[in-house]
$ cat protein_27.cif   # mmCIF, C-alpha atoms
data_query
loop_
_atom_site.label_atom_id
_atom_site.label_comp_id
_atom_site.auth_asym_id
_atom_site.auth_seq_id
_atom_site.Cartn_x
_atom_site.Cartn_y
_atom_site.Cartn_z
CA MET A 1 81.79 -21.10 23.98
CA MET A 2 82.69 -24.28 22.04
CA ASN A 3 82.29 -27.66 23.57
CA GLU A 4 84.93 -30.34 23.13
CA ILE A 5 83.37 -31.97 20.03
CA GLU A 6 82.95 -28.64 18.22
CA TYR A 7 86.54 -27.72 19.06
CA LEU A 8 87.87 -31.02 17.73
CA LEU A 9 85.80 -30.74 14.54
CA ALA A 10 87.02 -27.17 14.00
CA ALA A 11 90.64 -28.27 14.54
CA MET A 12 90.20 -31.15 12.08
CA LEU A 13 88.67 -28.80 9.51
CA VAL A 14 91.58 -26.36 9.84
CA MET A 15 94.10 -29.21 9.50
CA ALA A 16 92.30 -30.63 6.45
CA ILE A 17 92.16 -27.25 4.71
CA SER A 18 95.83 -26.55 5.54
CA THR A 19 96.90 -29.94 4.21
CA TYR A 20 94.86 -29.49 1.04
CA LEU A 21 96.29 -26.02 0.39
CA THR A 22 99.89 -27.12 0.93
CA ARG A 23 99.36 -29.98 -1.54
CA LEU A 24 97.62 -27.74 -4.08
CA THR A 25 100.02 -24.77 -4.00
CA PRO A 26 102.84 -26.31 -6.11
CA PHE A 27 100.39 -27.21 -8.87
CA LEU A 28 99.09 -23.66 -8.95
CA MET A 29 102.52 -22.03 -8.81
CA PHE A 30 104.38 -24.16 -11.34
CA THR A 31 102.91 -24.82 -14.77
CA PRO A 32 103.80 -28.21 -16.24
CA GLY A 33 106.36 -28.32 -19.03
CA LYS A 34 107.96 -24.95 -18.27
CA GLU A 35 111.30 -24.37 -16.60
CA ASN A 36 111.01 -22.42 -13.38
CA ALA A 37 113.98 -20.49 -12.00
CA LYS A 38 112.80 -20.77 -8.38
CA LEU A 39 112.30 -24.50 -8.59
CA ASN A 40 115.69 -24.99 -10.27
CA PHE A 41 117.32 -22.92 -7.52
CA VAL A 42 115.73 -25.04 -4.80
CA ALA A 43 116.63 -28.30 -6.56
CA LYS A 44 120.23 -27.19 -7.03
CA ASN A 45 120.83 -25.81 -3.54
CA THR A 46 118.91 -28.14 -1.26
CA PRO A 47 121.55 -30.93 -0.98
CA PRO A 48 124.37 -28.56 0.08
CA MET A 49 122.06 -26.85 2.58
CA VAL A 50 121.01 -30.18 4.09
CA MET A 51 124.63 -31.30 4.31
CA MET A 52 125.63 -28.05 6.01
CA ILE A 53 122.85 -28.48 8.59
CA LEU A 54 124.06 -32.03 9.25
CA VAL A 55 127.67 -30.84 9.66
CA ILE A 56 126.67 -28.14 12.12
CA TYR A 57 124.50 -30.59 14.04
CA MET A 58 127.34 -33.11 14.15
CA LEU A 59 130.02 -30.64 15.27
CA LYS A 60 128.00 -28.87 17.97
CA GLU A 61 128.14 -31.76 20.43
CA VAL A 62 131.73 -32.91 19.81
CA ASP A 63 134.06 -33.01 22.78
CA TYR A 64 137.12 -31.41 21.23
CA LEU A 65 139.39 -32.54 24.05
CA SER A 66 138.72 -36.28 23.62
CA THR A 67 139.51 -38.85 20.96
CA GLU A 68 136.01 -38.36 19.56
CA ILE A 69 137.30 -35.46 17.49
CA PHE A 70 139.50 -37.77 15.42
CA TYR A 71 136.77 -40.05 14.12
CA THR A 72 134.40 -37.13 13.77
CA LEU A 73 136.85 -35.27 11.54
CA PHE A 74 137.68 -38.48 9.64
CA ALA A 75 133.99 -39.10 8.90
CA LEU A 76 133.62 -35.46 7.90
CA ALA A 77 136.63 -35.71 5.57
CA VAL A 78 135.19 -38.85 3.93
CA THR A 79 131.84 -37.12 3.45
CA VAL A 80 133.40 -34.00 1.94
CA GLY A 81 135.79 -36.05 -0.21
CA LEU A 82 133.05 -38.22 -1.64
CA GLN A 83 130.88 -35.18 -2.30
CA ILE A 84 133.71 -33.48 -4.20
CA LEU A 85 134.61 -36.63 -6.16
CA LYS A 86 131.21 -38.18 -6.86
CA ARG A 87 128.76 -35.24 -6.49
CA ASN A 88 126.23 -37.61 -4.94
CA ALA A 89 124.72 -36.27 -1.71
CA LEU A 90 123.12 -39.57 -0.72
CA LEU A 91 126.38 -41.51 -1.13
CA SER A 92 128.33 -38.87 0.78
CA ILE A 93 125.90 -38.62 3.71
CA VAL A 94 125.38 -42.37 4.06
CA SER A 95 129.12 -43.15 3.80
CA GLY A 96 130.08 -40.52 6.37
CA THR A 97 127.33 -41.71 8.72
CA ILE A 98 128.41 -45.36 8.42
CA ILE A 99 132.05 -44.50 9.13
CA TYR A 100 131.11 -42.28 12.07
CA MET A 101 128.84 -44.95 13.56
CA PHE A 102 131.52 -47.60 13.05
CA PHE A 103 134.02 -45.59 15.09
CA VAL A 104 131.45 -44.69 17.76
CA GLN A 105 130.59 -48.38 18.26
CA MET A 106 134.24 -49.50 18.50
#
$ encode --input "protein_27.cif" --output "structure tokens"
Amino acid sequence: MMNEIEYLLAAMLVMAISTYLTRLTPFLMFTPGKENAKLNFVAKNTPPMVMMILVIYMLKEVDYLSTEIFYTLFALAVTVGLQILKRNALLSIVSGTIIYMFFVQM
């Protein structure tokens, strides 16, 4: 049976190897200078996926019978509108968050 020090050293070794492998894997999978379809897919689809997760998270706790729904939907409309017009995920998310927080603090 392992004593406490051996257990901690084993846990640290597993964490170090796991961290090293997760850092090394992209360099082994993707050769420099070549286009990769998987990487392009991830780069293209990550912002909409993140925004959808944020929308679901935001709407799950809304009290639909109070006035909270109005500023929630307004912030959502601003976020969607900016995303359609500017195609900038950071601008859309930050603007919608600022508007939502402004109305929450009023």
$ residues_around --input "protein_27.cif" --residues "region 49-63 of chain A" --least-positions-apart "5" --cutoff "9 Å" --atoms "only C-alpha atoms" --output "ChimeraX atom specification"
/A:68-69,72,76,89,93
$ resolve_selection --input "protein_27.cif" --expression "the PyMOL selection byres ((chain A and resi 101) around 12)" --output "list in words"
Met58, Glu68, Tyr71, Thr72, Phe74, Ala75, Val94, Ser95, Gly96, Thr97, Ile98, Ile99, Tyr100, Phe102, Phe103, Val104, Gln105 and Met106 of chain A
$ atom_distance --input "protein_27.cif" --atom1 "CA of Gly33 (chain A)" --atom2 "CA of Ile17 (chain A)"
27.7 Å
$ atom_distance --input "protein_27.cif" --atom1 "CA of Ser92 (chain A)" --atom2 "CA of Ala37 (chain A)"
26.6 Å
$ atom_distance --input "protein_27.cif" --atom1 "CA of Ala77 (chain A)" --atom2 "CA of Asn40 (chain A)"
28.4 Å
$ decode --input "protein_27.cif" --residues "region 54-94 of chain A" --atoms "N, CA and C atoms" --output "compact mmCIF listing (two decimals), in the first residue's frame"
# COMPACT_ATOMS: atom_id res chain seq x y z
N LEU A 54 -23.71 30.32 -24.38
CA LEU A 54 -24.01 31.49 -23.57
C LEU A 54 -25.49 31.85 -23.61
N VAL A 55 -26.12 31.73 -24.78
CA VAL A 55 -27.55 32.03 -24.91
C VAL A 55 -28.37 31.05 -24.08
N ILE A 56 -28.05 29.78 -24.18
CA ILE A 56 -28.79 28.77 -23.41
C ILE A 56 -28.60 29.02 -21.91
N TYR A 57 -27.38 29.31 -21.51
CA TYR A 57 -27.10 29.58 -20.10
C TYR A 57 -27.88 30.81 -19.62
N MET A 58 -27.95 31.83 -20.47
CA MET A 58 -28.64 33.06 -20.09
C MET A 58 -30.14 32.82 -19.98
N LEU A 59 -30.72 32.09 -20.91
CA LEU A 59 -32.18 31.93 -20.95
C LEU A 59 -32.71 30.89 -19.97
N LYS A 60 -31.87 30.04 -19.42
CA LYS A 60 -32.37 28.98 -18.55
C LYS A 60 -32.85 29.49 -17.20
N GLU A 61 -32.33 30.61 -16.75
CA GLU A 61 -32.69 31.13 -15.43
C GLU A 61 -33.62 32.34 -15.48
N VAL A 62 -34.12 32.67 -16.66
CA VAL A 62 -34.94 33.88 -16.80
C VAL A 62 -36.33 33.61 -16.25
N ASP A 63 -36.83 34.56 -15.48
CA ASP A 63 -38.21 34.50 -15.01
C ASP A 63 -39.08 35.14 -16.10
N TYR A 64 -39.77 34.30 -16.84
CA TYR A 64 -40.52 34.78 -18.01
C TYR A 64 -41.77 35.55 -17.63
N LEU A 65 -42.13 35.58 -16.38
CA LEU A 65 -43.32 36.30 -15.95
C LEU A 65 -43.00 37.65 -15.31
N SER A 66 -41.72 38.04 -15.33
CA SER A 66 -41.33 39.33 -14.74
C SER A 66 -40.80 40.25 -15.84
N THR A 67 -40.41 41.44 -15.42
CA THR A 67 -39.87 42.40 -16.39
C THR A 67 -38.47 42.03 -16.84
N GLU A 68 -37.86 41.07 -16.18
CA GLU A 68 -36.51 40.63 -16.55
C GLU A 68 -36.45 40.14 -17.99
N ILE A 69 -37.54 39.59 -18.47
CA ILE A 69 -37.56 39.06 -19.83
C ILE A 69 -37.32 40.16 -20.87
N PHE A 70 -37.77 41.38 -20.59
CA PHE A 70 -37.62 42.45 -21.57
C PHE A 70 -36.16 42.83 -21.79
N TYR A 71 -35.43 43.06 -20.70
CA TYR A 71 -34.02 43.42 -20.91
C TYR A 71 -33.17 42.24 -21.31
N THR A 72 -33.60 41.05 -20.98
CA THR A 72 -32.89 39.85 -21.44
C THR A 72 -33.02 39.72 -22.95
N LEU A 73 -34.24 39.85 -23.44
CA LEU A 73 -34.46 39.75 -24.89
C LEU A 73 -33.84 40.92 -25.64
N PHE A 74 -33.82 42.12 -25.02
CA PHE A 74 -33.18 43.26 -25.67
C PHE A 74 -31.67 43.03 -25.80
N ALA A 75 -31.04 42.55 -24.74
CA ALA A 75 -29.61 42.25 -24.80
C ALA A 75 -29.33 41.15 -25.81
N LEU A 76 -30.20 40.16 -25.87
CA LEU A 76 -30.05 39.09 -26.85
C LEU A 76 -30.18 39.63 -28.27
N ALA A 77 -31.14 40.52 -28.49
CA ALA A 77 -31.33 41.10 -29.82
C ALA A 77 -30.11 41.93 -30.24
N VAL A 78 -29.55 42.69 -29.30
CA VAL A 78 -28.34 43.47 -29.61
C VAL A 78 -27.19 42.54 -29.97
N THR A 79 -27.03 41.48 -29.21
CA THR A 79 -25.95 40.52 -29.47
C THR A 79 -26.11 39.88 -30.85
N VAL A 80 -27.30 39.42 -31.15
CA VAL A 80 -27.56 38.78 -32.45
C VAL A 80 -27.40 39.80 -33.58
N GLY A 81 -27.93 41.01 -33.38
CA GLY A 81 -27.82 42.04 -34.40
C GLY A 81 -26.38 42.42 -34.71
N LEU A 82 -25.60 42.60 -33.68
CA LEU A 82 -24.18 42.94 -33.89
C LEU A 82 -23.43 41.78 -34.56
N GLN A 83 -23.78 40.56 -34.18
CA GLN A 83 -23.11 39.41 -34.80
C GLN A 83 -23.45 39.34 -36.29
N ILE A 84 -24.70 39.60 -36.64
CA ILE A 84 -25.10 39.57 -38.05
C ILE A 84 -24.44 40.71 -38.82
N LEU A 85 -24.41 41.90 -38.22
CA LEU A 85 -23.86 43.07 -38.92
C LEU A 85 -22.34 43.08 -38.98
N LYS A 86 -21.69 42.81 -37.86
CA LYS A 86 -20.24 42.99 -37.78
C LYS A 86 -19.45 41.69 -37.89
N ARG A 87 -20.09 40.55 -37.64
CA ARG A 87 -19.40 39.25 -37.67
C ARG A 87 -18.17 39.24 -36.75
N ASN A 88 -18.34 39.82 -35.56
CA ASN A 88 -17.26 39.88 -34.59
C ASN A 88 -17.81 39.33 -33.26
N ALA A 89 -17.43 38.10 -32.94
CA ALA A 89 -17.99 37.44 -31.75
C ALA A 89 -17.66 38.20 -30.48
N LEU A 90 -16.44 38.69 -30.36
CA LEU A 90 -16.05 39.41 -29.14
C LEU A 90 -16.89 40.66 -28.96
N LEU A 91 -17.06 41.45 -30.01
CA LEU A 91 -17.87 42.66 -29.94
C LEU A 91 -19.31 42.32 -29.57
N SER A 92 -19.86 41.29 -30.18
CA SER A 92 -21.24 40.91 -29.92
C SER A 92 -21.44 40.47 -28.48
N ILE A 93 -20.58 39.59 -27.99
CA ILE A 93 -20.71 39.06 -26.63
C ILE A 93 -20.52 40.16 -25.60
N VAL A 94 -19.49 40.97 -25.76
CA VAL A 94 -19.21 42.03 -24.79
C VAL A 94 -20.33 43.07 -24.79
